[in-house]
$ cat run.cif   # mmCIF, C-alpha atoms
data_model
#
loop_
_atom_site.label_atom_id
_atom_site.label_comp_id
_atom_site.auth_asym_id
_atom_site.auth_seq_id
_atom_site.Cartn_x
_atom_site.Cartn_y
_atom_site.Cartn_z
CA MET E 1 56.12 25.27 -61.07
CA ALA E 2 57.94 28.61 -60.93
CA ALA E 3 60.69 26.95 -58.87
CA LEU E 4 61.23 24.27 -61.52
CA ASP E 5 61.28 26.88 -64.28
CA ALA E 6 63.94 28.76 -62.31
CA VAL E 7 66.32 25.80 -61.93
CA GLY E 8 66.19 25.02 -65.65
CA GLY E 9 65.55 21.81 -67.54
CA TYR E 10 61.78 22.14 -67.23
CA ARG E 11 59.20 24.18 -69.11
CA SER E 12 55.79 24.69 -67.57
CA ARG E 13 52.71 25.03 -69.72
CA GLY E 14 50.94 26.87 -66.95
CA ALA E 15 48.08 26.01 -64.66
CA LEU E 16 44.52 25.03 -65.49
CA GLY E 17 41.89 26.95 -63.57
CA ARG E 18 38.74 25.54 -62.03
CA ASP E 19 36.69 26.58 -65.07
CA CYS E 20 38.96 24.61 -67.44
CA SER E 21 38.30 20.99 -68.33
CA PRO E 22 41.14 18.72 -67.13
CA VAL E 23 40.28 15.90 -69.55
CA ASP E 24 43.24 16.49 -71.88
CA ALA E 25 45.64 17.80 -69.22
CA ALA E 26 47.96 14.76 -69.50
CA ARG E 27 48.23 14.92 -73.28
CA ASP E 28 51.60 15.90 -74.85
CA VAL E 29 53.35 16.51 -71.51
CA ASP E 30 55.84 14.46 -69.51
CA LEU E 31 54.44 15.43 -66.14
CA LEU E 32 51.08 16.54 -64.77
CA VAL E 33 51.02 18.00 -61.25
CA ILE E 34 47.71 18.02 -59.38
CA ALA E 35 48.03 20.86 -56.90
CA THR E 36 44.49 20.97 -55.55
CA PRO E 37 43.26 20.66 -51.94
CA ASP E 38 43.46 17.07 -50.70
CA ASP E 39 39.72 16.45 -50.98
CA ALA E 40 39.74 17.27 -54.70
CA VAL E 41 42.78 15.24 -55.83
CA ALA E 42 40.93 12.00 -56.58
CA GLU E 43 38.13 13.79 -58.42
CA VAL E 44 40.54 15.74 -60.62
CA ALA E 45 42.74 12.69 -61.29
CA SER E 46 39.74 10.61 -62.37
CA ALA E 47 38.61 13.36 -64.74
CA VAL E 48 41.96 13.39 -66.60
CA ALA E 49 42.18 11.02 -69.55
CA PRO E 50 45.14 8.68 -68.84
CA VAL E 51 48.24 8.83 -71.04
CA ASP E 52 50.61 5.94 -70.33
CA THR E 53 53.76 7.98 -70.89
CA THR E 54 52.72 10.90 -68.68
CA ALA E 55 53.51 10.86 -64.97
CA VAL E 56 50.71 12.20 -62.79
CA ILE E 57 51.70 13.32 -59.29
CA HIS E 58 50.06 15.13 -56.40
CA LEU E 59 51.58 17.39 -53.75
CA SER E 60 49.59 16.12 -50.78
CA GLY E 61 51.37 14.94 -47.66
CA SER E 62 48.50 12.85 -46.35
CA LEU E 63 47.28 11.03 -49.46
CA GLY E 64 48.62 7.83 -50.97
CA LEU E 65 48.93 6.91 -54.63
CA ASP E 66 45.53 5.21 -54.90
CA VAL E 67 43.83 8.59 -55.40
CA LEU E 68 45.62 8.91 -58.75
CA ALA E 69 43.83 5.97 -60.36
CA PRO E 70 43.48 5.16 -63.22
CA HIS E 71 46.88 6.61 -64.24
CA ARG E 72 49.74 4.14 -64.77
CA ARG E 73 52.60 6.42 -63.71
CA ARG E 74 51.68 7.80 -60.28
CA GLY E 75 53.73 9.73 -57.77
CA SER E 76 53.68 12.04 -54.79
CA LEU E 77 55.99 14.94 -53.99
CA HIS E 78 55.43 16.77 -50.70
CA PRO E 79 57.75 19.62 -49.63
CA LEU E 80 58.50 19.75 -45.91
CA VAL E 81 58.37 23.53 -45.69
CA PRO E 82 55.62 26.13 -45.28
CA LEU E 83 54.60 27.82 -48.54
CA PRO E 84 52.57 30.85 -47.41
CA THR E 85 52.89 32.81 -50.68
CA GLU E 86 54.00 32.03 -54.23
CA ALA E 87 57.10 34.23 -53.95
CA ILE E 88 58.23 32.79 -50.61
CA GLY E 89 57.38 29.28 -51.78
CA SER E 90 59.50 29.59 -54.93
CA GLU E 91 62.51 30.58 -52.82
CA ARG E 92 62.04 27.92 -50.17
CA LEU E 93 61.55 25.09 -52.67
CA VAL E 94 65.13 25.58 -53.91
CA SER E 95 66.71 26.13 -50.48
CA GLY E 96 67.78 22.52 -49.85
CA ILE E 97 64.64 21.30 -48.11
CA THR E 98 63.39 17.76 -47.58
CA PHE E 99 60.75 16.28 -49.90
CA ALA E 100 58.65 13.21 -49.08
CA VAL E 101 58.40 11.21 -52.29
CA ALA E 102 56.59 8.08 -53.40
CA GLY E 103 55.80 6.21 -56.57
CA ASP E 104 57.20 7.15 -59.97
CA PRO E 105 60.97 7.86 -60.04
CA ILE E 106 60.26 11.30 -61.49
CA THR E 107 59.38 12.48 -57.98
CA ARG E 108 62.93 11.86 -56.80
CA MET E 109 64.27 13.52 -59.96
CA LEU E 110 62.20 16.61 -59.19
CA ALA E 111 63.49 16.77 -55.62
CA ASP E 112 67.06 16.44 -56.88
CA SER E 113 66.52 19.14 -59.51
CA LEU E 114 65.30 21.51 -56.81
CA GLY E 115 68.43 20.83 -54.76
CA GLY E 116 66.47 19.02 -52.07
CA ARG E 117 66.69 15.80 -50.09
CA ALA E 118 64.26 13.06 -51.11
CA LEU E 119 62.87 10.65 -48.50
CA GLU E 120 60.63 7.74 -49.46
CA VAL E 121 57.34 7.60 -47.55
CA ASP E 122 55.05 4.76 -48.61
CA ASP E 123 51.25 4.75 -48.42
CA LEU E 124 51.21 2.70 -45.22
CA HIS E 125 53.06 5.41 -43.29
CA ARG E 126 51.59 8.42 -45.03
CA SER E 127 49.16 9.45 -42.28
CA ALA E 128 51.79 9.21 -39.54
CA TYR E 129 54.24 11.18 -41.67
CA HIS E 130 51.71 13.94 -42.31
CA ALA E 131 50.68 14.04 -38.66
CA ALA E 132 54.32 14.69 -37.76
CA ALA E 133 54.54 17.41 -40.42
CA THR E 134 51.37 19.06 -39.14
CA ILE E 135 52.65 19.04 -35.56
CA ALA E 136 56.00 20.44 -36.72
CA ALA E 137 54.43 23.34 -38.60
CA ASN E 138 50.80 24.11 -37.73
CA HIS E 139 50.89 23.06 -34.08
CA LEU E 140 54.18 24.82 -33.49
CA VAL E 141 52.75 28.04 -34.92
CA ALA E 142 49.62 27.64 -32.78
CA LEU E 143 51.86 27.20 -29.73
CA ILE E 144 53.73 30.39 -30.61
CA GLY E 145 50.33 32.05 -30.76
CA GLN E 146 49.86 31.07 -27.12
CA VAL E 147 53.27 32.53 -26.29
CA GLU E 148 52.10 35.81 -27.85
CA ARG E 149 48.85 35.87 -25.87
CA VAL E 150 50.43 35.03 -22.51
CA ALA E 151 53.32 37.44 -23.07
CA ALA E 152 50.83 40.22 -23.82
CA THR E 153 49.34 39.85 -20.32
CA ALA E 154 52.78 40.78 -18.98
CA GLY E 155 53.06 43.70 -21.39
CA LEU E 156 55.68 42.00 -23.56
CA PRO E 157 55.81 41.58 -27.36
CA LEU E 158 56.26 38.24 -29.09
CA ASP E 159 59.68 39.20 -30.49
CA ALA E 160 61.06 39.36 -26.95
CA PHE E 161 60.89 35.56 -26.98
CA ALA E 162 62.24 35.07 -30.51
CA GLY E 163 65.79 34.22 -29.40
CA LEU E 164 64.50 31.73 -26.87
CA MET E 165 62.27 30.00 -29.42
CA ARG E 166 64.97 29.82 -32.08
CA ALA E 167 67.58 28.51 -29.64
CA ALA E 168 65.22 25.88 -28.25
CA THR E 169 64.31 24.70 -31.76
CA ASP E 170 67.94 24.62 -32.86
CA ASP E 171 68.91 22.63 -29.75
CA ALA E 172 66.09 20.13 -30.28
CA VAL E 173 67.23 19.46 -33.85
CA ALA E 174 70.97 19.44 -33.09
CA LEU E 175 70.97 17.61 -29.76
CA GLY E 176 67.69 15.72 -29.95
CA PRO E 177 64.56 16.66 -27.96
CA ARG E 178 65.55 14.60 -24.91
CA HIS E 179 68.81 16.49 -24.44
CA ALA E 180 67.39 19.90 -25.34
CA LEU E 181 64.48 19.94 -22.88
CA THR E 182 64.69 22.41 -19.98
CA GLY E 183 62.18 23.93 -17.59
CA PRO E 184 60.08 23.12 -14.52
CA ALA E 185 58.61 19.83 -15.79
CA VAL E 186 62.12 18.41 -16.16
CA ARG E 187 63.18 19.63 -12.74
CA GLY E 188 59.98 18.48 -11.07
CA ASP E 189 59.31 22.04 -9.97
CA TRP E 190 55.56 21.64 -9.62
CA SER E 191 55.03 24.76 -7.51
CA THR E 192 56.24 26.79 -10.50
CA VAL E 193 53.87 24.88 -12.77
CA GLU E 194 50.97 25.74 -10.45
CA ARG E 195 51.91 29.43 -10.50
CA HIS E 196 51.86 29.28 -14.30
CA ARG E 197 48.42 27.66 -14.21
CA ALA E 198 47.12 30.35 -11.85
CA ALA E 199 48.31 33.08 -14.21
CA LEU E 200 46.69 31.36 -17.20
CA ASN E 201 43.47 30.87 -15.25
CA GLY E 202 43.10 34.64 -15.06
CA MET E 203 43.21 35.08 -18.83
CA SER E 204 40.38 35.37 -21.29
CA GLY E 205 39.70 31.91 -22.72
CA SER E 206 41.43 30.38 -19.72
CA ARG E 207 39.95 26.91 -20.28
CA THR E 208 41.66 26.60 -23.68
CA GLU E 209 44.89 28.17 -22.43
CA LEU E 210 45.06 25.80 -19.45
CA ALA E 211 44.24 22.75 -21.56
CA ALA E 212 47.06 23.59 -23.97
CA TYR E 213 49.52 24.29 -21.16
CA ASP E 214 48.64 21.08 -19.28
CA ALA E 215 48.98 19.05 -22.46
CA MET E 216 52.46 20.44 -23.11
CA VAL E 217 53.52 19.89 -19.49
CA GLY E 218 52.41 16.28 -19.93
CA LEU E 219 54.49 15.90 -23.09
CA ALA E 220 57.50 17.53 -21.43
CA ARG E 221 57.13 15.19 -18.46
CA ARG E 222 56.93 12.19 -20.75
CA LEU E 223 60.07 13.30 -22.55
CA SER E 224 61.94 13.78 -19.28
CA LEU E 225 60.87 10.33 -18.04
CA ASP E 226 62.01 8.79 -21.34
CA THR E 227 65.36 10.50 -20.85
CA ALA E 228 65.69 9.15 -17.31
CA ALA E 229 64.77 5.63 -18.45
CA LEU E 230 67.35 5.70 -21.23
CA ALA E 231 70.00 6.93 -18.83
CA ALA E 232 69.17 4.11 -16.42
CA GLU E 233 69.36 1.54 -19.19
CA GLY E 234 72.71 2.91 -20.31
CA SER E 235 74.05 2.75 -16.78
CA THR E 236 72.90 -0.86 -16.35
CA GLY E 237 74.37 -1.82 -19.70
CA SER E 238 77.73 -0.29 -18.81
CA ALA E 239 77.83 -2.05 -15.47
CA GLY E 240 77.00 -5.36 -17.10
CA ALA E 241 79.79 -4.90 -19.63
CA GLU E 242 82.27 -4.17 -16.88
CA GLN E 243 81.25 -7.30 -14.98
CA VAL E 244 81.73 -9.48 -18.05
CA ALA E 245 85.12 -7.92 -18.74
#
$ encode --input "run.cif" --output "structure tokens"
Amino acid sequence: MAALDAVGGYRSRGALGRDCSPVDAARDVDLLVIATPDDAVAEVASAVAPVDTTAVIHLSGSLGLDVLAPHRRRGSLHPLVPLPTEAIGSERLVSGITFAVAGDPITRMLADSLGGRALEVDDLHRSAYHAAATIAANHLVALIGQVERVAATAGLPLDAFAGLMRAATDDAVALGPRHALTGPAVRGDWSTVERHRAALNGMSGSRTELAAYDAMVGLARRLSLDTAALAAEGSTGSAGAEQVA
């Protein structure tokens, strides 16, 4: 709520702690935000006495609107950005990020007020959306953790690879993953892949390290095959157009 207070037009009444009863939380306010862990959202929402004029929203990426029963005005606002601390979160929420919204129109108003981009994600697609968000954030960080561990076996710090990681991420977003992919899996350089696997096999926790590496080689290979298939289709389509002409 600090971010909304900062942009103006909103006045927060503060947060209710776990030892406070939420029964009257929706009374005499325009908006009630349930910012609990996912597993507690439904329980908290059901404990709040409904007020027809008050919008009740949650901040979960994976949950639909059904968990907010029995409230009439329901919504969801999920920021697509990591919020590791309150201070960092307040800055990032007003930095032009994307918000997944659903339900009551106030969710889109909130995203607009924060200077963000609002994208509608309905309940049917909520789990797929959140899976993508989890891969984009948590899995990417876990993968960087593997970079750090493997680099350490060569006596190198993680920041030595920072430029490479940033450039690869920027290319994937700007060009699309298919056009940004480089490396041995794309080239079919399997002898290099096997040398990588041998190096990982000598590490502590090698089974986990190899499983992660093999999984990513498989995804890279799939991406490269998709790229080749699209190129072949484009070539066939062009030839067909020329024949018709």
$ residues_near_point --input "run.cif" --point "(53.7, 38.3, -32.5)" --cutoff "8 Å" --atoms "only C-alpha atoms" --output "list of chain:residue names"
E:Gly145, E:Glu148, E:Pro157, E:Leu158, E:Asp159
$ atom_distance --input "run.cif" --atom1 "CA of Gly205 in chain E" --atom2 "CA of Ile144 in chain E"
16.2 Å
$ atom_distance --input "run.cif" --atom1 "CA of Leu93 in chain E" --atom2 "CA of Leu114 in chain E"
6.6 Å
$ axis_aligned_box --input "run.cif" --around "range 151-161 of chain E" --padding-each-side "8 Å" --output "JSON"
{"center_x": 55.2, "center_y": 39.6, "center_z": -24.7, "size_x": 27.7, "size_y": 24.1, "size_z": 27.5}
$ resolve_selection --input "run.cif" --expression "the PyMOL selection byres ((chain E and resi 97) around 8)" --output "ChimeraX atom specification"
/E:79-81,92-96,98-99,115-117
$ write_last_selection --input "run.cif" --atoms "C-alpha atoms" --output "short mmCIF file (atom, residue, chain, number, x, y, z; two decimals), in the frame of the given file"
data_model
loop_
_atom_site.label_atom_id
_atom_site.label_comp_id
_atom_site.auth_asym_id
_atom_site.auth_seq_id
_atom_site.Cartn_x
_atom_site.Cartn_y
_atom_site.Cartn_z
CA PRO E 79 57.75 19.62 -49.63
CA LEU E 80 58.50 19.75 -45.91
CA VAL E 81 58.37 23.53 -45.69
CA ARG E 92 62.04 27.92 -50.17
CA LEU E 93 61.55 25.09 -52.67
CA VAL E 94 65.13 25.58 -53.91
CA SER E 95 66.71 26.13 -50.48
CA GLY E 96 67.78 22.52 -49.85
CA THR E 98 63.39 17.76 -47.58
CA PHE E 99 60.75 16.28 -49.90
CA GLY E 115 68.43 20.83 -54.76
CA GLY E 116 66.47 19.02 -52.07
CA ARG E 117 66.69 15.80 -50.09
#
$ resolve_selection --input "run.cif" --expression "the PyMOL selection byres ((chain E and resi 48) around 7)" --output "ChimeraX atom specification"
/E:22-26,44-47,49-50
$ resolve_selection --input "run.cif" --expression "the PyMOL selection byres ((chain E and resi 126-143) around 8)" --output "ChimeraX atom specification"
/E:61-64,80,82,121-125,144-147
$ write_last_selection --input "run.cif" --atoms "C-alpha atoms" --output "PDB file, keeping the file's coordinate frame"
ATOM      1  CA  GLY E  61      51.370  14.940 -47.660  1.00  0.00           C
ATOM      2  CA  SER E  62      48.500  12.850 -46.350  1.00  0.00           C
ATOM      3  CA  LEU E  63      47.280  11.030 -49.460  1.00  0.00           C
ATOM      4  CA  GLY E  64      48.620   7.830 -50.970  1.00  0.00           C
ATOM      5  CA  LEU E  80      58.500  19.750 -45.910  1.00  0.00           C
ATOM      6  CA  PRO E  82      55.620  26.130 -45.280  1.00  0.00           C
ATOM      7  CA  VAL E 121      57.340   7.600 -47.550  1.00  0.00           C
ATOM      8  CA  ASP E 122      55.050   4.760 -48.610  1.00  0.00           C
ATOM      9  CA  ASP E 123      51.250   4.750 -48.420  1.00  0.00           C
ATOM     10  CA  LEU E 124      51.210   2.700 -45.220  1.00  0.00           C
ATOM     11  CA  HIS E 125      53.060   5.410 -43.290  1.00  0.00           C
ATOM     12  CA  ILE E 144      53.730  30.390 -30.610  1.00  0.00           C
ATOM     13  CA  GLY E 145      50.330  32.050 -30.760  1.00  0.00           C
ATOM     14  CA  GLN E 146      49.860  31.070 -27.120  1.00  0.00           C
ATOM     15  CA  VAL E 147      53.270  32.530 -26.290  1.00  0.00           C
TER      16      VAL E 147
END
$ closest_residue --input "run.cif" --among "E:Thr182, E:Ser12, E:Ser191, E:Ser204" --to "Ser224 in chain E" --atoms "all atoms listed in the file"
E:Thr182
$ atom_distance --input "run.cif" --atom1 "CA of Asp52 in chain E" --atom2 "CA of Asp104 in chain E"
12.3 Å
$ closest_residue --input "run.cif" --among "E:Ala69, E:Arg222, E:Ala3, E:Ala211" --to "Ala87 in chain E" --atoms "all atoms listed in the file"
E:Ala3
$ decode --input "run.cif" --residues "range 111-126 of chain E" --atoms "C-alpha atoms" --output "mmCIF file, in the first residue's frame"
data_model
loop_
_atom_site.group_PDB
_atom_site.id
_atom_site.type_symbol
_atom_site.label_atom_id
_atom_site.label_comp_id
_atom_site.auth_asym_id
_atom_site.auth_seq_id
_atom_site.Cartn_x
_atom_site.Cartn_y
_atom_site.Cartn_z
ATOM 1 C CA ALA E 111 -2.531 -0.794 -12.220
ATOM 2 C CA ASP E 112 -3.033 2.449 -14.142
ATOM 3 C CA SER E 113 -2.507 4.542 -11.008
ATOM 4 C CA LEU E 114 0.797 2.782 -10.397
ATOM 5 C CA GLY E 115 1.902 3.566 -13.954
ATOM 6 C CA GLY E 116 1.763 -0.084 -14.967
ATOM 7 C CA ARG E 117 0.406 -2.187 -17.803
ATOM 8 C CA ALA E 118 -2.722 -4.207 -17.015
ATOM 9 C CA LEU E 119 -3.293 -7.590 -18.681
ATOM 10 C CA GLU E 120 -6.488 -9.560 -18.135
ATOM 11 C CA VAL E 121 -5.940 -13.149 -16.983
ATOM 12 C CA ASP E 122 -9.144 -15.083 -16.320
ATOM 13 C CA ASP E 123 -9.575 -17.934 -13.847
ATOM 14 C CA LEU E 124 -9.328 -20.589 -16.558
ATOM 15 C CA HIS E 125 -5.773 -19.562 -17.449
ATOM 16 C CA ARG E 126 -4.605 -18.570 -13.994
#
